[in-house]
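Trainee: One structure is given below, represented as structure tokens, and several questions about it will come after.
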Amino acid sequence: MVTKVQMRRILDTFAEMFPDAHCELNHSNPFELTIAVLLSAQCTDALVNKVTPNLFKKYKTPEDYLSVPLEELEQDIRSIGLYRNKAKNIQKLARMLIEDFGREVPKEHSDLVKLPGVGRKTANVVVSTAFGVPAIAVDTHVERVSKRLGIARWKDNPLQVEEVLMKKVPREEWAITHHRMIFFGRYHCKAANPQCQVCPLLDMCREGKKRMKTK
């Protein structure tokens, strides 16, 4: 496992490589962000961003999502994976916001995870991006990077990876580290074709050393 000094070097490297890292899901308020993150499950942000401009023009409030038949909403998000299930969850989520939360997306993590289609990762993204609450959301990129660099163990599940990161990353850096790790994983340390030969962290990376040996 990485030491404090190594962890600082990792965080500083992320910051140098991706100083402008941010949430790449287009949104203009917490409600749009929640819908966008829900849509992004097992699907790329780029694909979600193709669908949301028209979606957010058509649907502005929870009531709007409930004013159309489920089939119509399905068609509006049809190009996104699992669209049937996601359309159902969006309508259930909209109903719950109206009935239980005064039509507003709740700021509390414990309330967010009650919403249909909103898991721990989605809730973390919403609290940190929309409300500025320190949180680290562990998606596939964050999990992969954490394991390759030895921050977390290979066998750790996403919750264990999150707990390790919360211990090792200073609390005030949680949100920005989450975005930088995603950028690092999405644009540099890719799943199938990581750029090991030009990686400034190669000397610390178990996966990278293995890959460079086999080349």
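Following the order of the structure tokens, chains are lettered A, B, ..., residues in each are numbered from 1, and ligands are numbered from 1.
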Just asking: which residues within segment 2-202 of chain A are helix (DSSP H, G or I) according to DSSP, as a PyMOL selection string?

Mentor: chain A and resi 4-17+30-39+45-58+62-66+70-76+83-100+109-112+120-131+140-148+158-168+171-187+196-198+202

Trainee: Which residues are close to segment 62-68 of chain A, i.e. within 10 Å by only C-alpha atoms, leaving aside same-chain residues fewer than 3 positions away? Reply as an MDAnalysis selection string.

Mentor: chainID A and resid 31 55 58:59 71:73 87 90:98 103:105

Trainee: For the selection just defined, write its residues with C-alpha atoms to a file, as a PDB file, in the first residue's frame.

Mentor:
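The new file result_25.pdb reads:
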```pdb
ATOM      1  CA  PHE A  31     -31.964  18.207 -10.651  1.00  0.00           C
ATOM      2  CA  LEU A  55     -34.127  16.115 -22.750  1.00  0.00           C
ATOM      3  CA  LYS A  58     -38.337  19.264 -22.897  1.00  0.00           C
ATOM      4  CA  TYR A  59     -38.359  18.383 -19.179  1.00  0.00           C
ATOM      5  CA  GLU A  71     -43.046   5.015 -23.518  1.00  0.00           C
ATOM      6  CA  GLU A  72     -42.453   8.609 -24.612  1.00  0.00           C
ATOM      7  CA  LEU A  73     -39.710   9.120 -22.033  1.00  0.00           C
ATOM      8  CA  ALA A  87     -36.945   5.823 -17.758  1.00  0.00           C
ATOM      9  CA  ILE A  90     -36.617   8.762 -13.593  1.00  0.00           C
ATOM     10  CA  GLN A  91     -40.408   8.804 -13.270  1.00  0.00           C
ATOM     11  CA  LYS A  92     -40.273   7.159  -9.828  1.00  0.00           C
ATOM     12  CA  LEU A  93     -37.567   9.615  -8.757  1.00  0.00           C
ATOM     13  CA  ALA A  94     -39.637  12.575  -9.998  1.00  0.00           C
ATOM     14  CA  ARG A  95     -42.662  11.329  -8.035  1.00  0.00           C
ATOM     15  CA  MET A  96     -40.589  10.921  -4.884  1.00  0.00           C
ATOM     16  CA  LEU A  97     -39.126  14.433  -5.211  1.00  0.00           C
ATOM     17  CA  ILE A  98     -42.651  15.852  -5.429  1.00  0.00           C
ATOM     18  CA  ARG A 103     -39.743  19.120  -5.526  1.00  0.00           C
ATOM     19  CA  GLU A 104     -36.050  19.759  -4.686  1.00  0.00           C
ATOM     20  CA  VAL A 105     -33.126  17.377  -4.916  1.00  0.00           C
TER      21      VAL A 105
END
```

Trainee: Quick one: residues within 8 Å of Ala137 of chain A, only C-alpha atoms, excluding same-chain residues fewer than 2 positions away - as number ranges by chain?

Mentor: A: 120-122, 124-125, 135, 139, 142, 162, 178

Trainee: Create the file for the chosen residues now, containing N, CA and C atoms and written as a compact mmCIF listing (two decimals), in the first residue's frame.

Mentor:
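Below is the file that was written, selection.txt:
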```
# COMPACT_ATOMS: atom_id res chain seq x y z
N ARG A 120 -24.96 4.77 -4.15
CA ARG A 120 -23.96 5.51 -3.37
C ARG A 120 -23.08 6.40 -4.25
N LYS A 121 -22.65 5.85 -5.39
CA LYS A 121 -21.76 6.60 -6.27
C LYS A 121 -22.46 7.86 -6.81
N THR A 122 -23.69 7.68 -7.28
CA THR A 122 -24.47 8.81 -7.82
C THR A 122 -24.67 9.88 -6.75
N ASN A 124 -22.81 10.47 -4.18
CA ASN A 124 -21.53 11.16 -3.93
C ASN A 124 -21.25 12.22 -5.00
N VAL A 125 -21.53 11.89 -6.25
CA VAL A 125 -21.32 12.87 -7.33
C VAL A 125 -22.21 14.09 -7.11
N ALA A 135 -16.76 14.56 -1.02
CA ALA A 135 -17.12 13.16 -1.25
C ALA A 135 -16.25 12.62 -2.37
N ASP A 139 -16.11 5.34 -9.44
CA ASP A 139 -16.61 4.72 -10.67
C ASP A 139 -15.53 3.78 -11.20
N VAL A 142 -11.95 5.46 -11.27
CA VAL A 142 -11.36 5.67 -9.94
C VAL A 142 -10.92 4.33 -9.35
N GLU A 162 -13.45 3.37 -1.80
CA GLU A 162 -13.87 4.69 -1.32
C GLU A 162 -13.33 4.96 0.09
N HIS A 178 -11.48 13.24 -6.98
CA HIS A 178 -12.43 12.37 -7.70
C HIS A 178 -12.43 12.74 -9.19
```

Trainee: For Met1 of chain A, please output as an NGL selection string all residues within 8 Å (counting only C-alpha atoms; exclusion window: fewer than 2 positions along the same chain).

Mentor: :A and (3 or 150-153)

Trainee: Those residues you just picked out, can you put them in a file as a short mmCIF file (atom, residue, chain, number, x, y, z; two decimals), in the first residue's frame with all heavy atoms?

Mentor:
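Output saved as again30.cif:
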```cif
data_model
loop_
_atom_site.label_atom_id
_atom_site.label_comp_id
_atom_site.auth_asym_id
_atom_site.auth_seq_id
_atom_site.Cartn_x
_atom_site.Cartn_y
_atom_site.Cartn_z
N THR A 3 2.55 4.89 0.73
CA THR A 3 2.84 5.69 1.92
C THR A 3 2.23 7.08 1.76
O THR A 3 1.75 7.44 0.68
CB THR A 3 4.36 5.85 2.08
OG1 THR A 3 4.85 6.59 0.95
CG2 THR A 3 5.06 4.50 2.15
N GLY A 150 -1.78 0.89 -6.49
CA GLY A 150 -1.54 0.29 -5.17
C GLY A 150 -2.11 1.10 -4.02
O GLY A 150 -1.74 0.90 -2.87
N ILE A 151 -3.02 2.03 -4.34
CA ILE A 151 -3.69 2.78 -3.26
C ILE A 151 -4.66 1.83 -2.57
O ILE A 151 -4.80 1.82 -1.35
CB ILE A 151 -4.43 4.01 -3.83
CG1 ILE A 151 -3.45 4.95 -4.54
CG2 ILE A 151 -5.17 4.76 -2.71
CD1 ILE A 151 -4.14 6.00 -5.42
N ALA A 152 -5.37 1.03 -3.38
CA ALA A 152 -6.30 0.03 -2.85
C ALA A 152 -5.82 -1.36 -3.26
O ALA A 152 -4.94 -1.50 -4.10
CB ALA A 152 -7.70 0.29 -3.40
N ARG A 153 -6.43 -2.40 -2.68
CA ARG A 153 -6.05 -3.78 -3.01
C ARG A 153 -6.87 -4.26 -4.20
O ARG A 153 -7.99 -3.81 -4.42
CB ARG A 153 -6.33 -4.69 -1.81
CG ARG A 153 -5.49 -4.35 -0.58
CD ARG A 153 -5.96 -5.11 0.63
NE ARG A 153 -7.40 -4.90 0.87
CZ ARG A 153 -8.08 -5.44 1.87
NH1 ARG A 153 -7.46 -6.24 2.72
NH2 ARG A 153 -9.37 -5.21 2.02
#
```

Trainee: So that I can see what lies close to Ala15 of chain A, please list as a PDB file with N, CA and C atoms, in the first residue's frame the residues with an atom at most 10 Å from it, counting only C-alpha atoms and leaving out residues fewer than 3 positions away in the same chain.

Mentor:
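Everything below was put into selection_3.pdb:
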```
ATOM      1  N   ARG A   9       2.591  12.517  -3.773  1.00  0.00           N
ATOM      2  CA  ARG A   9       3.150  12.594  -5.123  1.00  0.00           C
ATOM      3  C   ARG A   9       2.087  12.244  -6.178  1.00  0.00           C
ATOM      4  N   ILE A  10       1.300  11.216  -5.880  1.00  0.00           N
ATOM      5  CA  ILE A  10       0.224  10.820  -6.806  1.00  0.00           C
ATOM      6  C   ILE A  10      -0.760  11.970  -6.995  1.00  0.00           C
ATOM      7  N   LEU A  11      -1.205  12.565  -5.887  1.00  0.00           N
ATOM      8  CA  LEU A  11      -2.192  13.656  -5.965  1.00  0.00           C
ATOM      9  C   LEU A  11      -1.618  14.862  -6.712  1.00  0.00           C
ATOM     10  N   ASP A  12      -0.353  15.180  -6.449  1.00  0.00           N
ATOM     11  CA  ASP A  12       0.283  16.318  -7.135  1.00  0.00           C
ATOM     12  C   ASP A  12       0.436  16.046  -8.630  1.00  0.00           C
ATOM     13  N   PHE A  18      -3.971  17.161 -14.905  1.00  0.00           N
ATOM     14  CA  PHE A  18      -5.363  17.539 -15.178  1.00  0.00           C
ATOM     15  C   PHE A  18      -5.834  18.642 -14.218  1.00  0.00           C
ATOM     16  N   PRO A  19      -5.234  19.836 -14.335  1.00  0.00           N
ATOM     17  CA  PRO A  19      -5.598  20.914 -13.398  1.00  0.00           C
ATOM     18  C   PRO A  19      -7.058  21.356 -13.543  1.00  0.00           C
ATOM     19  N   ASP A  20      -7.625  21.165 -14.729  1.00  0.00           N
ATOM     20  CA  ASP A  20      -8.998  21.650 -14.964  1.00  0.00           C
ATOM     21  C   ASP A  20     -10.033  20.537 -14.922  1.00  0.00           C
ATOM     22  N   ALA A  21      -9.696  19.425 -14.290  1.00  0.00           N
ATOM     23  CA  ALA A  21     -10.640  18.305 -14.230  1.00  0.00           C
ATOM     24  C   ALA A  21     -11.955  18.740 -13.574  1.00  0.00           C
ATOM     25  N   ILE A 176     -12.113  17.302  -5.783  1.00  0.00           N
ATOM     26  CA  ILE A 176     -11.264  17.555  -6.951  1.00  0.00           C
ATOM     27  C   ILE A 176     -10.461  16.305  -7.306  1.00  0.00           C
ATOM     28  N   THR A 177     -10.057  15.521  -6.293  1.00  0.00           N
ATOM     29  CA  THR A 177      -9.329  14.276  -6.562  1.00  0.00           C
ATOM     30  C   THR A 177     -10.202  13.298  -7.341  1.00  0.00           C
ATOM     31  N   ARG A 180     -10.124  14.452 -10.895  1.00  0.00           N
ATOM     32  CA  ARG A 180      -8.797  14.252 -11.506  1.00  0.00           C
ATOM     33  C   ARG A 180      -8.521  12.772 -11.760  1.00  0.00           C
ATOM     34  N   MET A 181      -8.966  11.918 -10.845  1.00  0.00           N
ATOM     35  CA  MET A 181      -8.764  10.476 -11.039  1.00  0.00           C
ATOM     36  C   MET A 181      -9.572   9.967 -12.230  1.00  0.00           C
ATOM     37  N   PHE A 184      -7.691  11.091 -15.270  1.00  0.00           N
ATOM     38  CA  PHE A 184      -6.481  10.270 -15.385  1.00  0.00           C
ATOM     39  C   PHE A 184      -6.837   8.895 -15.962  1.00  0.00           C
TER      40      PHE A 184
END
```

Trainee: Find the spatial neighbours of Cys199 of chain A, counting only C-alpha atoms, within a cut-off of 12 Å - ignore same-chain residues fewer than 2 positions away - and output them as a list in words.

Mentor: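 Surrounding residues, per the criterion: Ile10, Thr13, Phe14, Met17, Leu149, Phe184, Gly185, Tyr187, His188, Cys189, Lys190, Pro194, Gln195, Cys196, Gln197, Leu201, Leu202, Asp203, Met204, Cys205, Glu207, Gly208, Lys209 and Met212 of chain A.
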
Trainee: What's the 10 Å shell around Ile80 of chain A, counting only C-alpha atoms, without same-chain residues fewer than 5 positions away, as a CSV table (one decimal) with N, CA and C atoms, in the first residue's frame?

Mentor:
```csv
chain,number,residue,atom,x,y,z
A,39,LEU,N,-28.5,8.6,-15.7
A,39,LEU,CA,-28.4,8.1,-17.1
A,39,LEU,C,-27.0,7.5,-17.4
A,40,SER,N,-26.0,8.0,-16.7
A,40,SER,CA,-24.6,7.6,-17.0
A,40,SER,C,-24.2,6.3,-16.5
A,41,ALA,N,-25.1,5.6,-15.7
A,41,ALA,CA,-24.7,4.3,-15.2
A,41,ALA,C,-24.4,3.3,-16.4
A,42,GLN,N,-23.3,2.7,-16.4
A,42,GLN,CA,-22.9,1.7,-17.4
A,42,GLN,C,-23.0,2.4,-18.8
A,43,CYS,N,-22.6,3.6,-18.9
A,43,CYS,CA,-22.7,4.3,-20.2
A,43,CYS,C,-21.8,5.5,-20.1
A,44,THR,N,-21.3,6.0,-21.3
A,44,THR,CA,-20.3,7.1,-21.2
A,44,THR,C,-20.9,8.4,-21.0
A,47,LEU,N,-22.0,10.0,-24.3
A,47,LEU,CA,-23.3,9.6,-24.9
A,47,LEU,C,-24.4,10.3,-24.1
A,48,VAL,N,-24.3,10.4,-22.8
A,48,VAL,CA,-25.3,11.1,-22.0
A,48,VAL,C,-25.5,12.6,-22.5
A,50,LYS,N,-25.1,13.8,-25.3
A,50,LYS,CA,-25.7,13.9,-26.6
A,50,LYS,C,-27.2,13.9,-26.4
A,51,VAL,N,-27.7,13.2,-25.4
A,51,VAL,CA,-29.1,13.1,-25.2
A,51,VAL,C,-29.7,14.2,-24.3
A,74,GLU,N,-39.1,6.8,-22.6
A,74,GLU,CA,-38.2,5.8,-23.1
A,74,GLU,C,-37.6,6.2,-24.5
A,75,GLN,N,-38.5,6.6,-25.4
A,75,GLN,CA,-38.0,7.0,-26.7
A,75,GLN,C,-37.0,8.2,-26.6
A,86,LYS,N,-34.0,2.9,-16.9
A,86,LYS,CA,-33.7,4.3,-16.4
A,86,LYS,C,-34.9,5.2,-16.6
```

Trainee: For a quick check of understanding, using only C-alpha atoms, which of A:Thr214, A:Ser146, A:Asn49, A:Asn193 has the smallest distance to Glu32 of chain A?

Mentor: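 Using only C-alpha atoms, the shortest distance to Glu32 of chain A belongs to A:Asn49.
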